[in-house]
>>> print(open('upload14.cif').read())   # mmCIF, C-alpha atoms; chains and numbers go by the auth columns
data_upload
#
loop_
_atom_site.group_PDB
_atom_site.id
_atom_site.type_symbol
_atom_site.label_atom_id
_atom_site.label_comp_id
_atom_site.label_asym_id
_atom_site.label_seq_id
_atom_site.Cartn_x
_atom_site.Cartn_y
_atom_site.Cartn_z
_atom_site.B_iso_or_equiv
_atom_site.auth_seq_id
_atom_site.auth_asym_id
ATOM 1 C CA MET A 1 69.045 96.520 -22.732 0.00 1 Y
ATOM 2 C CA THR A 2 71.837 99.014 -23.325 0.00 2 Y
ATOM 3 C CA THR A 3 72.373 100.477 -26.773 0.00 3 Y
ATOM 4 C CA PRO A 4 75.868 101.945 -27.021 0.00 4 Y
ATOM 5 C CA CYS A 5 75.993 104.180 -30.072 0.00 5 Y
ATOM 6 C CA SER A 6 78.731 106.420 -31.379 0.00 6 Y
ATOM 7 C CA THR A 7 78.251 110.113 -30.852 0.00 7 Y
ATOM 8 C CA THR A 8 81.451 111.120 -32.587 0.00 8 Y
ATOM 9 C CA THR A 9 81.403 113.287 -35.694 0.00 9 Y
ATOM 10 C CA ALA A 10 84.050 111.088 -37.348 0.00 10 Y
ATOM 11 C CA PRO A 11 82.806 108.684 -40.050 0.00 11 Y
ATOM 12 C CA ALA A 12 81.622 105.397 -38.573 0.00 12 Y
ATOM 13 C CA ARG A 13 83.889 102.407 -39.170 0.00 13 Y
ATOM 14 C CA PHE A 14 81.104 99.838 -38.837 0.00 14 Y
ATOM 15 C CA LEU A 15 77.463 99.223 -38.007 0.00 15 Y
ATOM 16 C CA LEU A 16 76.898 97.086 -34.907 0.00 16 Y
ATOM 17 C CA LEU A 17 73.707 95.036 -34.667 0.00 17 Y
ATOM 18 C CA GLY A 18 73.032 92.226 -32.261 0.00 18 Y
ATOM 19 C CA ASP A 19 71.769 90.918 -28.979 0.00 19 Y
ATOM 20 C CA SER A 20 73.154 91.736 -25.546 0.00 20 Y
ATOM 21 C CA HIS A 21 76.520 90.176 -26.498 0.00 21 Y
ATOM 22 C CA ALA A 22 77.060 93.179 -28.753 0.00 22 Y
ATOM 23 C CA GLY A 23 77.111 95.392 -25.659 0.00 23 Y
ATOM 24 C CA CYS A 24 80.702 94.764 -24.594 0.00 24 Y
ATOM 25 C CA VAL A 25 81.866 95.299 -28.172 0.00 25 Y
ATOM 26 C CA GLY A 26 80.147 98.672 -28.298 0.00 26 Y
ATOM 27 C CA ARG A 27 81.484 99.711 -24.911 0.00 27 Y
ATOM 28 C CA ALA A 28 85.020 98.711 -25.888 0.00 28 Y
ATOM 29 C CA ALA A 29 84.775 100.632 -29.163 0.00 29 Y
ATOM 30 C CA GLN A 30 83.531 103.686 -27.292 0.00 30 Y
ATOM 31 C CA ALA A 31 86.362 103.417 -24.766 0.00 31 Y
ATOM 32 C CA ALA A 32 88.884 103.209 -27.607 0.00 32 Y
ATOM 33 C CA GLY A 33 87.398 106.205 -29.398 0.00 33 Y
ATOM 34 C CA LEU A 34 86.580 104.040 -32.412 0.00 34 Y
ATOM 35 C CA PRO A 35 83.703 105.604 -34.347 0.00 35 Y
ATOM 36 C CA PHE A 36 80.800 103.241 -34.990 0.00 36 Y
ATOM 37 C CA VAL A 37 77.034 103.215 -34.990 0.00 37 Y
ATOM 38 C CA GLY A 38 74.733 100.674 -33.380 0.00 38 Y
ATOM 39 C CA GLY A 39 74.375 98.308 -30.466 0.00 39 Y
ATOM 40 C CA PRO A 40 71.995 95.646 -29.154 0.00 40 Y
ATOM 41 C CA VAL A 41 68.514 95.694 -30.675 0.00 41 Y
ATOM 42 C CA GLY A 42 67.015 92.808 -28.687 0.00 42 Y
ATOM 43 C CA SER A 43 67.803 89.698 -26.648 0.00 43 Y
ATOM 44 C CA GLY A 44 69.429 86.561 -28.022 0.00 44 Y
ATOM 45 C CA ARG A 45 66.260 84.524 -28.378 0.00 45 Y
ATOM 46 C CA ASP A 46 64.675 87.337 -30.406 0.00 46 Y
ATOM 47 C CA PHE A 47 66.945 86.518 -33.343 0.00 47 Y
ATOM 48 C CA LEU A 48 66.648 82.738 -33.551 0.00 48 Y
ATOM 49 C CA GLY A 49 63.237 82.290 -35.184 0.00 49 Y
ATOM 50 C CA PRO A 50 61.910 84.557 -37.961 0.00 50 Y
ATOM 51 C CA PHE A 51 62.324 88.149 -36.791 0.00 51 Y
ATOM 52 C CA PHE A 52 62.288 90.349 -39.883 0.00 52 Y
ATOM 53 C CA ASP A 53 60.606 90.957 -43.218 0.00 53 Y
ATOM 54 C CA THR A 54 62.277 92.259 -46.350 0.00 54 Y
ATOM 55 C CA ASP A 55 61.375 94.007 -49.565 0.00 55 Y
ATOM 56 C CA GLY A 56 64.579 92.787 -51.197 0.00 56 Y
ATOM 57 C CA THR A 57 66.717 95.766 -50.245 0.00 57 Y
ATOM 58 C CA ASP A 58 65.906 96.619 -46.641 0.00 58 Y
ATOM 59 C CA VAL A 59 64.688 94.709 -43.602 0.00 59 Y
ATOM 60 C CA THR A 60 61.883 95.498 -41.195 0.00 60 Y
ATOM 61 C CA PHE A 61 62.231 94.096 -37.702 0.00 61 Y
ATOM 62 C CA ARG A 62 58.983 92.618 -36.431 0.00 62 Y
ATOM 63 C CA ALA A 63 59.689 93.841 -32.898 0.00 63 Y
ATOM 64 C CA GLU A 64 58.766 97.506 -32.599 0.00 64 Y
ATOM 65 C CA GLU A 65 61.731 98.476 -30.428 0.00 65 Y
ATOM 66 C CA GLY A 66 64.195 96.639 -32.629 0.00 66 Y
ATOM 67 C CA GLN A 67 62.839 98.409 -35.700 0.00 67 Y
ATOM 68 C CA ARG A 68 62.997 101.793 -33.973 0.00 68 Y
ATOM 69 C CA LEU A 69 66.655 101.302 -33.037 0.00 69 Y
ATOM 70 C CA TYR A 70 67.564 99.938 -36.465 0.00 70 Y
ATOM 71 C CA ARG A 71 66.052 102.923 -38.237 0.00 71 Y
ATOM 72 C CA GLU A 72 67.781 105.265 -35.796 0.00 72 Y
ATOM 73 C CA PHE A 73 71.121 103.658 -36.618 0.00 73 Y
ATOM 74 C CA LEU A 74 70.565 103.914 -40.379 0.00 74 Y
ATOM 75 C CA ASP A 75 69.541 107.559 -40.025 0.00 75 Y
ATOM 76 C CA THR A 76 72.770 108.245 -38.140 0.00 76 Y
ATOM 77 C CA LEU A 77 74.695 106.660 -41.016 0.00 77 Y
ATOM 78 C CA ASP A 78 72.636 108.700 -43.495 0.00 78 Y
ATOM 79 C CA VAL A 79 71.511 105.628 -45.442 0.00 79 Y
ATOM 80 C CA THR A 80 67.928 104.696 -46.207 0.00 80 Y
ATOM 81 C CA SER A 81 68.232 100.909 -46.296 0.00 81 Y
ATOM 82 C CA LEU A 82 70.563 98.035 -45.491 0.00 82 Y
ATOM 83 C CA SER A 83 71.414 97.758 -49.188 0.00 83 Y
ATOM 84 C CA GLY A 84 72.987 101.224 -48.991 0.00 84 Y
ATOM 85 C CA LEU A 85 75.343 100.335 -46.136 0.00 85 Y
ATOM 86 C CA ALA A 86 78.873 101.381 -47.081 0.00 86 Y
ATOM 87 C CA VAL A 87 80.659 100.112 -43.957 0.00 87 Y
ATOM 88 C CA PRO A 88 81.014 96.553 -42.608 0.00 88 Y
ATOM 89 C CA LEU A 89 78.300 95.076 -40.420 0.00 89 Y
ATOM 90 C CA VAL A 90 79.344 93.526 -37.108 0.00 90 Y
ATOM 91 C CA CYS A 91 76.532 91.262 -35.989 0.00 91 Y
ATOM 92 C CA THR A 92 75.782 88.718 -33.248 0.00 92 Y
ATOM 93 C CA PHE A 93 72.376 87.472 -34.449 0.00 93 Y
ATOM 94 C CA GLY A 94 71.859 83.739 -33.965 0.00 94 Y
ATOM 95 C CA LEU A 95 74.976 83.150 -31.892 0.00 95 Y
ATOM 96 C CA SER A 96 73.335 82.757 -28.470 0.00 96 Y
ATOM 97 C CA ALA A 97 74.262 79.081 -28.301 0.00 97 Y
ATOM 98 C CA HIS A 98 73.360 78.909 -24.621 0.00 98 Y
ATOM 99 C CA THR A 99 69.706 79.455 -25.563 0.00 99 Y
ATOM 100 C CA VAL A 100 69.836 76.782 -28.258 0.00 100 Y
ATOM 101 C CA ALA A 101 71.409 74.453 -25.681 0.00 101 Y
ATOM 102 C CA THR A 102 68.618 74.828 -23.078 0.00 102 Y
ATOM 103 C CA ARG A 103 68.687 71.474 -21.281 0.00 103 Y
ATOM 104 C CA GLN A 104 65.001 70.595 -21.413 0.00 104 Y
ATOM 105 C CA ASN A 105 64.936 70.971 -25.190 0.00 105 Y
ATOM 106 C CA TRP A 106 67.302 68.012 -25.537 0.00 106 Y
ATOM 107 C CA ASP A 107 66.027 65.656 -22.837 0.00 107 Y
ATOM 108 C CA ILE A 108 64.394 63.344 -25.370 0.00 108 Y
ATOM 109 C CA HIS A 109 67.793 62.680 -26.960 0.00 109 Y
ATOM 110 C CA ARG A 110 69.644 61.704 -23.762 0.00 110 Y
ATOM 111 C CA ASP A 111 70.880 58.164 -23.172 0.00 111 Y
ATOM 112 C CA ARG A 112 70.378 56.197 -19.965 0.00 112 Y
ATOM 113 C CA SER A 113 73.239 58.035 -18.285 0.00 113 Y
ATOM 114 C CA GLY A 114 71.523 61.370 -18.929 0.00 114 Y
ATOM 115 C CA THR A 115 74.057 62.426 -21.549 0.00 115 Y
ATOM 116 C CA VAL A 116 73.350 63.629 -25.059 0.00 116 Y
ATOM 117 C CA PRO A 117 75.581 61.163 -26.960 0.00 117 Y
ATOM 118 C CA ASP A 118 78.358 62.196 -29.321 0.00 118 Y
ATOM 119 C CA ARG A 119 76.903 60.209 -32.211 0.00 119 Y
ATOM 120 C CA PHE A 120 73.759 62.333 -32.019 0.00 120 Y
ATOM 121 C CA LEU A 121 75.648 65.631 -31.664 0.00 121 Y
ATOM 122 C CA ARG A 122 77.707 64.784 -34.747 0.00 122 Y
ATOM 123 C CA GLY A 123 74.754 63.525 -36.754 0.00 123 Y
ATOM 124 C CA PRO A 124 72.508 65.077 -39.398 0.00 124 Y
ATOM 125 C CA LEU A 125 69.407 65.203 -37.193 0.00 125 Y
ATOM 126 C CA PHE A 126 71.141 67.412 -34.634 0.00 126 Y
ATOM 127 C CA ALA A 127 72.392 69.738 -37.363 0.00 127 Y
ATOM 128 C CA ASP A 128 68.896 69.923 -38.851 0.00 128 Y
ATOM 129 C CA LEU A 129 67.393 70.774 -35.459 0.00 129 Y
ATOM 130 C CA VAL A 130 69.929 73.517 -34.814 0.00 130 Y
ATOM 131 C CA ARG A 131 69.400 75.008 -38.275 0.00 131 Y
ATOM 132 C CA ALA A 132 65.652 75.016 -37.691 0.00 132 Y
ATOM 133 C CA THR A 133 66.123 76.698 -34.310 0.00 133 Y
ATOM 134 C CA VAL A 134 68.200 79.558 -35.748 0.00 134 Y
ATOM 135 C CA GLN A 135 66.387 79.837 -39.084 0.00 135 Y
ATOM 136 C CA GLY A 136 65.670 83.536 -38.559 0.00 136 Y
ATOM 137 C CA ALA A 137 69.335 84.419 -38.164 0.00 137 Y
ATOM 138 C CA LEU A 138 70.323 82.249 -41.129 0.00 138 Y
ATOM 139 C CA ALA A 139 67.728 84.016 -43.276 0.00 139 Y
ATOM 140 C CA PHE A 140 69.170 87.371 -42.203 0.00 140 Y
ATOM 141 C CA TYR A 141 72.689 86.340 -43.224 0.00 141 Y
ATOM 142 C CA GLU A 142 71.374 85.023 -46.535 0.00 142 Y
ATOM 143 C CA HIS A 143 69.922 88.477 -47.096 0.00 143 Y
ATOM 144 C CA THR A 144 73.156 90.304 -46.224 0.00 144 Y
ATOM 145 C CA ALA A 145 75.037 87.962 -48.565 0.00 145 Y
ATOM 146 C CA ALA A 146 72.588 88.735 -51.372 0.00 146 Y
ATOM 147 C CA LEU A 147 73.226 92.453 -50.780 0.00 147 Y
ATOM 148 C CA GLY A 148 76.978 91.919 -50.968 0.00 148 Y
ATOM 149 C CA LEU A 149 77.632 93.292 -47.484 0.00 149 Y
ATOM 150 C CA ARG A 150 80.744 92.494 -45.503 0.00 150 Y
ATOM 151 C CA VAL A 151 79.570 90.892 -42.271 0.00 151 Y
ATOM 152 C CA LEU A 152 81.684 89.904 -39.264 0.00 152 Y
ATOM 153 C CA ALA A 153 80.256 87.874 -36.389 0.00 153 Y
ATOM 154 C CA PRO A 154 82.105 87.609 -33.078 0.00 154 Y
ATOM 155 C CA LEU A 155 81.564 84.275 -31.368 0.00 155 Y
ATOM 156 C CA PRO A 156 79.914 84.834 -27.986 0.00 156 Y
ATOM 157 C CA PRO A 157 81.660 84.406 -24.649 0.00 157 Y
ATOM 158 C CA GLN A 158 82.181 80.709 -24.000 0.00 158 Y
ATOM 159 C CA ARG A 159 79.947 80.693 -20.932 0.00 159 Y
ATOM 160 C CA VAL A 160 77.400 77.964 -20.278 0.00 160 Y
ATOM 161 C CA PRO A 161 74.780 78.836 -17.635 0.00 161 Y
ATOM 162 C CA GLY A 162 73.087 76.182 -15.537 0.00 162 Y
ATOM 163 C CA MET A 163 70.038 76.165 -17.801 0.00 163 Y
ATOM 164 C CA SER A 164 72.171 74.934 -20.713 0.00 164 Y
ATOM 165 C CA ASP A 165 73.887 71.671 -21.605 0.00 165 Y
ATOM 166 C CA PRO A 166 77.616 72.270 -22.238 0.00 166 Y
ATOM 167 C CA ARG A 167 77.958 69.465 -24.793 0.00 167 Y
ATOM 168 C CA VAL A 168 75.013 70.790 -26.769 0.00 168 Y
ATOM 169 C CA PHE A 169 76.337 74.346 -26.457 0.00 169 Y
ATOM 170 C CA PHE A 170 79.660 73.558 -28.107 0.00 170 Y
ATOM 171 C CA ALA A 171 78.157 71.280 -30.763 0.00 171 Y
ATOM 172 C CA ALA A 172 75.418 73.788 -31.637 0.00 172 Y
ATOM 173 C CA GLN A 173 77.940 76.602 -31.848 0.00 173 Y
ATOM 174 C CA ASP A 174 79.948 74.586 -34.374 0.00 174 Y
ATOM 175 C CA VAL A 175 76.864 74.000 -36.516 0.00 175 Y
ATOM 176 C CA ILE A 176 75.821 77.666 -36.376 0.00 176 Y
ATOM 177 C CA GLY A 177 79.340 78.845 -37.165 0.00 177 Y
ATOM 178 C CA ALA A 178 79.553 76.576 -40.203 0.00 178 Y
ATOM 179 C CA GLU A 179 76.140 77.685 -41.449 0.00 179 Y
ATOM 180 C CA ILE A 180 76.826 81.397 -41.259 0.00 180 Y
ATOM 181 C CA THR A 181 80.285 80.941 -42.764 0.00 181 Y
ATOM 182 C CA VAL A 182 78.790 79.445 -45.929 0.00 182 Y
ATOM 183 C CA ARG A 183 76.563 82.533 -46.024 0.00 183 Y
ATOM 184 C CA GLY A 184 79.625 84.743 -46.358 0.00 184 Y
ATOM 185 C CA VAL A 185 80.019 85.778 -42.719 0.00 185 Y
ATOM 186 C CA GLU A 186 83.521 86.207 -41.272 0.00 186 Y
ATOM 187 C CA ILE A 187 83.702 84.566 -37.852 0.00 187 Y
ATOM 188 C CA VAL A 188 85.663 86.435 -35.179 0.00 188 Y
ATOM 189 C CA ASP A 189 86.895 83.543 -33.048 0.00 189 Y
ATOM 190 C CA LEU A 190 88.819 84.411 -29.887 0.00 190 Y
ATOM 191 C CA ARG A 191 88.451 81.045 -28.170 0.00 191 Y
ATOM 192 C CA ALA A 192 92.168 80.247 -28.206 0.00 192 Y
ATOM 193 C CA ARG A 193 92.841 83.479 -26.316 0.00 193 Y
ATOM 194 C CA VAL A 194 90.022 83.560 -23.759 0.00 194 Y
ATOM 195 C CA THR A 195 89.204 79.971 -22.748 0.00 195 Y
ATOM 196 C CA ASP A 196 90.583 77.418 -20.315 0.00 196 Y
ATOM 197 C CA ALA A 197 91.460 73.759 -20.879 0.00 197 Y
ATOM 198 C CA GLU A 198 87.758 72.842 -20.844 0.00 198 Y
ATOM 199 C CA GLY A 199 86.893 75.408 -23.484 0.00 199 Y
ATOM 200 C CA LEU A 200 85.122 77.738 -21.064 0.00 200 Y
ATOM 201 C CA GLN A 201 85.624 81.487 -20.775 0.00 201 Y
ATOM 202 C CA ARG A 202 88.315 82.425 -18.257 0.00 202 Y
ATOM 203 C CA PRO A 203 87.150 84.690 -15.404 0.00 203 Y
ATOM 204 C CA ALA A 204 89.362 87.536 -16.615 0.00 204 Y
ATOM 205 C CA PHE A 205 87.030 87.890 -19.611 0.00 205 Y
ATOM 206 C CA CYS A 206 83.702 87.363 -17.832 0.00 206 Y
ATOM 207 C CA LEU A 207 81.289 90.016 -16.621 0.00 207 Y
ATOM 208 C CA PRO A 208 81.092 89.663 -12.818 0.00 208 Y
ATOM 209 C CA ASP A 209 77.808 88.593 -11.201 0.00 209 Y
ATOM 210 C CA ASP A 210 76.560 87.404 -14.598 0.00 210 Y
ATOM 211 C CA THR A 211 76.392 83.949 -16.158 0.00 211 Y
ATOM 212 C CA ILE A 212 76.611 84.582 -19.911 0.00 212 Y
ATOM 213 C CA HIS A 213 78.223 87.892 -20.870 0.00 213 Y
ATOM 214 C CA GLY A 214 81.769 88.994 -21.542 0.00 214 Y
ATOM 215 C CA ASN A 215 83.352 92.006 -19.881 0.00 215 Y
ATOM 216 C CA LEU A 216 85.129 95.057 -21.254 0.00 216 Y
ATOM 217 C CA ALA A 217 88.397 93.124 -21.569 0.00 217 Y
ATOM 218 C CA PHE A 218 86.670 90.626 -23.832 0.00 218 Y
ATOM 219 C CA GLY A 219 85.123 93.443 -25.838 0.00 219 Y
ATOM 220 C CA ARG A 220 88.548 95.016 -26.264 0.00 220 Y
ATOM 221 C CA LEU A 221 89.895 91.799 -27.765 0.00 221 Y
ATOM 222 C CA VAL A 222 86.992 91.723 -30.211 0.00 222 Y
ATOM 223 C CA VAL A 223 87.612 95.331 -31.194 0.00 223 Y
ATOM 224 C CA ALA A 224 91.329 94.690 -31.609 0.00 224 Y
ATOM 225 C CA GLU A 225 90.524 91.782 -33.932 0.00 225 Y
ATOM 226 C CA LEU A 226 88.135 93.962 -35.923 0.00 226 Y
ATOM 227 C CA LEU A 227 90.875 96.552 -36.339 0.00 227 Y
ATOM 228 C CA ASP A 228 93.318 93.834 -37.436 0.00 228 Y
ATOM 229 C CA ARG A 229 90.786 92.920 -40.136 0.00 229 Y
ATOM 230 C CA GLY A 230 90.747 96.433 -41.487 0.00 230 Y
ATOM 231 C CA LEU A 231 87.694 97.966 -39.832 0.00 231 Y
#
>>> encode(input="upload14.cif", output="structure tokens")
Amino acid sequence: MTTPCSTTTAPARFLLLGDSHAGCVGRAAQAAGLPFVGGPVGSGRDFLGPFFDTDGTDVTFRAEEGQRLYREFLDTLDVTSLSGLAVPLVCTFGLSAHTVATRQNWDIHRDRSGTVPDRFLRGPLFADLVRATVQGALAFYEHTAALGLRVLAPLPPQRVPGMSDPRVFFAAQDVIGAEITVRGVEIVDLRARVTDAEGLQRPAFCLPDDTIHGNLAFGRLVVAELLDRGL
């Protein structure tokens, strides 16, 4: 796991926390000379179920390495807790839809043709299951909302590995996006600029020899959008 972190002496424009999808954002910000602090603090599945505790002002990551990195980032920003954060938070927690869409998790809901039907994907049970799967991330965003932080969440690359069901991927992503939006998160949605007619990430924005991540070009688009939003 790489942890790109600003080393510039200029004031940081944002704190970056997330899974491996945060990596290309950090690398693009570094390449552009944009001062920031942070990077990935775990893998995507680490931030779906409960992953932190809170005393009301700060959070403590249950994973030792995640907590170490988080505290290192706050120290760099010279703040003692998340409640003292004075810059926006860019975060990818809970957005690893390909993990939520793992095929075997949805086999029980398939029809005789082997397809997860639209009526199920649009129904309340599916939404409830997705919310339960990403409850840890939703709790985190509830906490950031309570603290009054500005939070921006880039949607992940629209890449569906063989382990995942594409129909579930897109439906789950819609549910997750709606849930974090009502928790005050600003979605950074680049799908119209990076996907093909089937809604999948175009090769120009994919990391080569990899099935889920975006490349530097994708990260640059995210950073450009962050700048357009005033970061």
>>> residues_around(input="upload14.cif", residues="Asp78 of chain Y", least_positions_apart="3", cutoff="12 Å", atoms="all atoms listed in the file", output="ChimeraX atom specification")
/Y:11-12,15,37,71-75,81-82,84-87
>>> write_last_selection(input="upload14.cif", atoms="C-alpha atoms", output="mmCIF file, keeping the file's coordinate frame")
data_model
loop_
_atom_site.group_PDB
_atom_site.id
_atom_site.type_symbol
_atom_site.label_atom_id
_atom_site.label_comp_id
_atom_site.auth_asym_id
_atom_site.auth_seq_id
_atom_site.Cartn_x
_atom_site.Cartn_y
_atom_site.Cartn_z
ATOM 1 C CA PRO Y 11 82.806 108.684 -40.050
ATOM 2 C CA ALA Y 12 81.622 105.397 -38.573
ATOM 3 C CA LEU Y 15 77.463 99.223 -38.007
ATOM 4 C CA VAL Y 37 77.034 103.215 -34.990
ATOM 5 C CA ARG Y 71 66.052 102.923 -38.237
ATOM 6 C CA GLU Y 72 67.781 105.265 -35.796
ATOM 7 C CA PHE Y 73 71.121 103.658 -36.618
ATOM 8 C CA LEU Y 74 70.565 103.914 -40.379
ATOM 9 C CA ASP Y 75 69.541 107.559 -40.025
ATOM 10 C CA SER Y 81 68.232 100.909 -46.296
ATOM 11 C CA LEU Y 82 70.563 98.035 -45.491
ATOM 12 C CA GLY Y 84 72.987 101.224 -48.991
ATOM 13 C CA LEU Y 85 75.343 100.335 -46.136
ATOM 14 C CA ALA Y 86 78.873 101.381 -47.081
ATOM 15 C CA VAL Y 87 80.659 100.112 -43.957
#
>>> residues_near_point(input="upload14.cif", point="(57.5, 95.3, -31.7)", cutoff="12 Å", atoms="all atoms listed in the file", output="list in words")
Val41, Gly42, Asp46, Phe51, Phe52, Thr60, Phe61, Arg62, Ala63, Glu64, Glu65, Gly66, Gln67, Arg68 and Leu69 of chain Y
>>> closest_residue(input="upload14.cif", among="Y:Pro157, Y:Leu147, Y:Ser164, Y:Val182", to="Cys24 of chain Y", atoms="only C-alpha atoms")
Y:Pro157
>>> atom_distance(input="upload14.cif", atom1="atom CA of Ile212 of chain Y", atom2="atom CA of Glu225 of chain Y")
21.0 Å
>>> residues_around(input="upload14.cif", residues="Gln173 of chain Y", least_positions_apart="4", cutoff="7 Å", atoms="all atoms listed in the file", output="PDB file with C-alpha atoms, keeping the file's coordinate frame")
ATOM      1  CA  ALA Y  97      74.262  79.081 -28.301  1.00  0.00           C
ATOM      2  CA  PHE Y 169      76.337  74.346 -26.457  1.00  0.00           C
ATOM      3  CA  GLY Y 177      79.340  78.845 -37.165  1.00  0.00           C
TER       4      GLY Y 177
END
>>> atom_distance(input="upload14.cif", atom1="atom CA of Ala192 of chain Y", atom2="atom CA of Thr144 of chain Y")
28.1 Å
>>> closest_residue(input="upload14.cif", among="Y:Thr115, Y:Thr133, Y:Thr92, Y:Asn105", to="Leu152 of chain Y", atoms="all atoms listed in the file")
Y:Thr92
>>> resolve_selection(input="upload14.cif", expression="the PyMOL selection byres ((chain Y and resi 166) around 10)", output="compact mmCIF listing (two decimals) with C-alpha atoms, in the frame of the given file")
# COMPACT_ATOMS: atom_id res chain seq x y z
CA ALA Y 97 74.26 79.08 -28.30
CA HIS Y 98 73.36 78.91 -24.62
CA ALA Y 101 71.41 74.45 -25.68
CA THR Y 102 68.62 74.83 -23.08
CA ARG Y 103 68.69 71.47 -21.28
CA GLN Y 158 82.18 80.71 -24.00
CA ARG Y 159 79.95 80.69 -20.93
CA VAL Y 160 77.40 77.96 -20.28
CA PRO Y 161 74.78 78.84 -17.64
CA GLY Y 162 73.09 76.18 -15.54
CA MET Y 163 70.04 76.17 -17.80
CA SER Y 164 72.17 74.93 -20.71
CA ASP Y 165 73.89 71.67 -21.60
CA ARG Y 167 77.96 69.46 -24.79
CA VAL Y 168 75.01 70.79 -26.77
CA PHE Y 169 76.34 74.35 -26.46
CA PHE Y 170 79.66 73.56 -28.11
CA ALA Y 171 78.16 71.28 -30.76
CA ALA Y 172 75.42 73.79 -31.64
CA GLY Y 199 86.89 75.41 -23.48
CA LEU Y 200 85.12 77.74 -21.06
>>> resolve_selection(input="upload14.cif", expression="the PyMOL selection byres ((chain Y and resi 121) around 10)", output="MDAnalysis selection string")
chainID Y and resid 109 116:120 122:127 167:168 170:172 175
>>> closest_residue(input="upload14.cif", among="Y:Val134, Y:Arg45, Y:Gln201, Y:Ala10", to="Gly33 of chain Y", atoms="all atoms listed in the file")
Y:Ala10
>>> closest_residue(input="upload14.cif", among="Y:Val79, Y:His143, Y:His21, Y:Pro35", to="Asp55 of chain Y", atoms="only C-alpha atoms")
Y:His143
>>> resolve_selection(input="upload14.cif", expression="the PyMOL selection byres ((chain Y and resi 219) around 10)", output="JSON, numbers by chain")
{"Y": [21, 22, 23, 24, 25, 26, 27, 28, 29, 154, 157, 205, 214, 215, 216, 217, 218, 220, 221, 222, 223, 224, 225]}
>>> closest_residue(input="upload14.cif", among="Y:Ser96, Y:Thr57, Y:Gln135, Y:Ser20", to="Leu155 of chain Y", atoms="all atoms listed in the file")
Y:Ser96
>>> atom_distance(input="upload14.cif", atom1="atom CA of Asp53 of chain Y", atom2="atom CA of Val185 of chain Y")
20.1 Å
>>> closest_residue(input="upload14.cif", among="Y:Gly148, Y:Pro203, Y:Gly18, Y:Gly136", to="Ser43 of chain Y", atoms="all atoms listed in the file")
Y:Gly18
>>> axis_aligned_box(input="upload14.cif", around="segment 13-26 of chain Y", padding_each_side="4 Å", output="JSON")
{"center_x": 77.8, "center_y": 96.3, "center_z": -31.9, "size_x": 20.1, "size_y": 20.2, "size_z": 22.6}
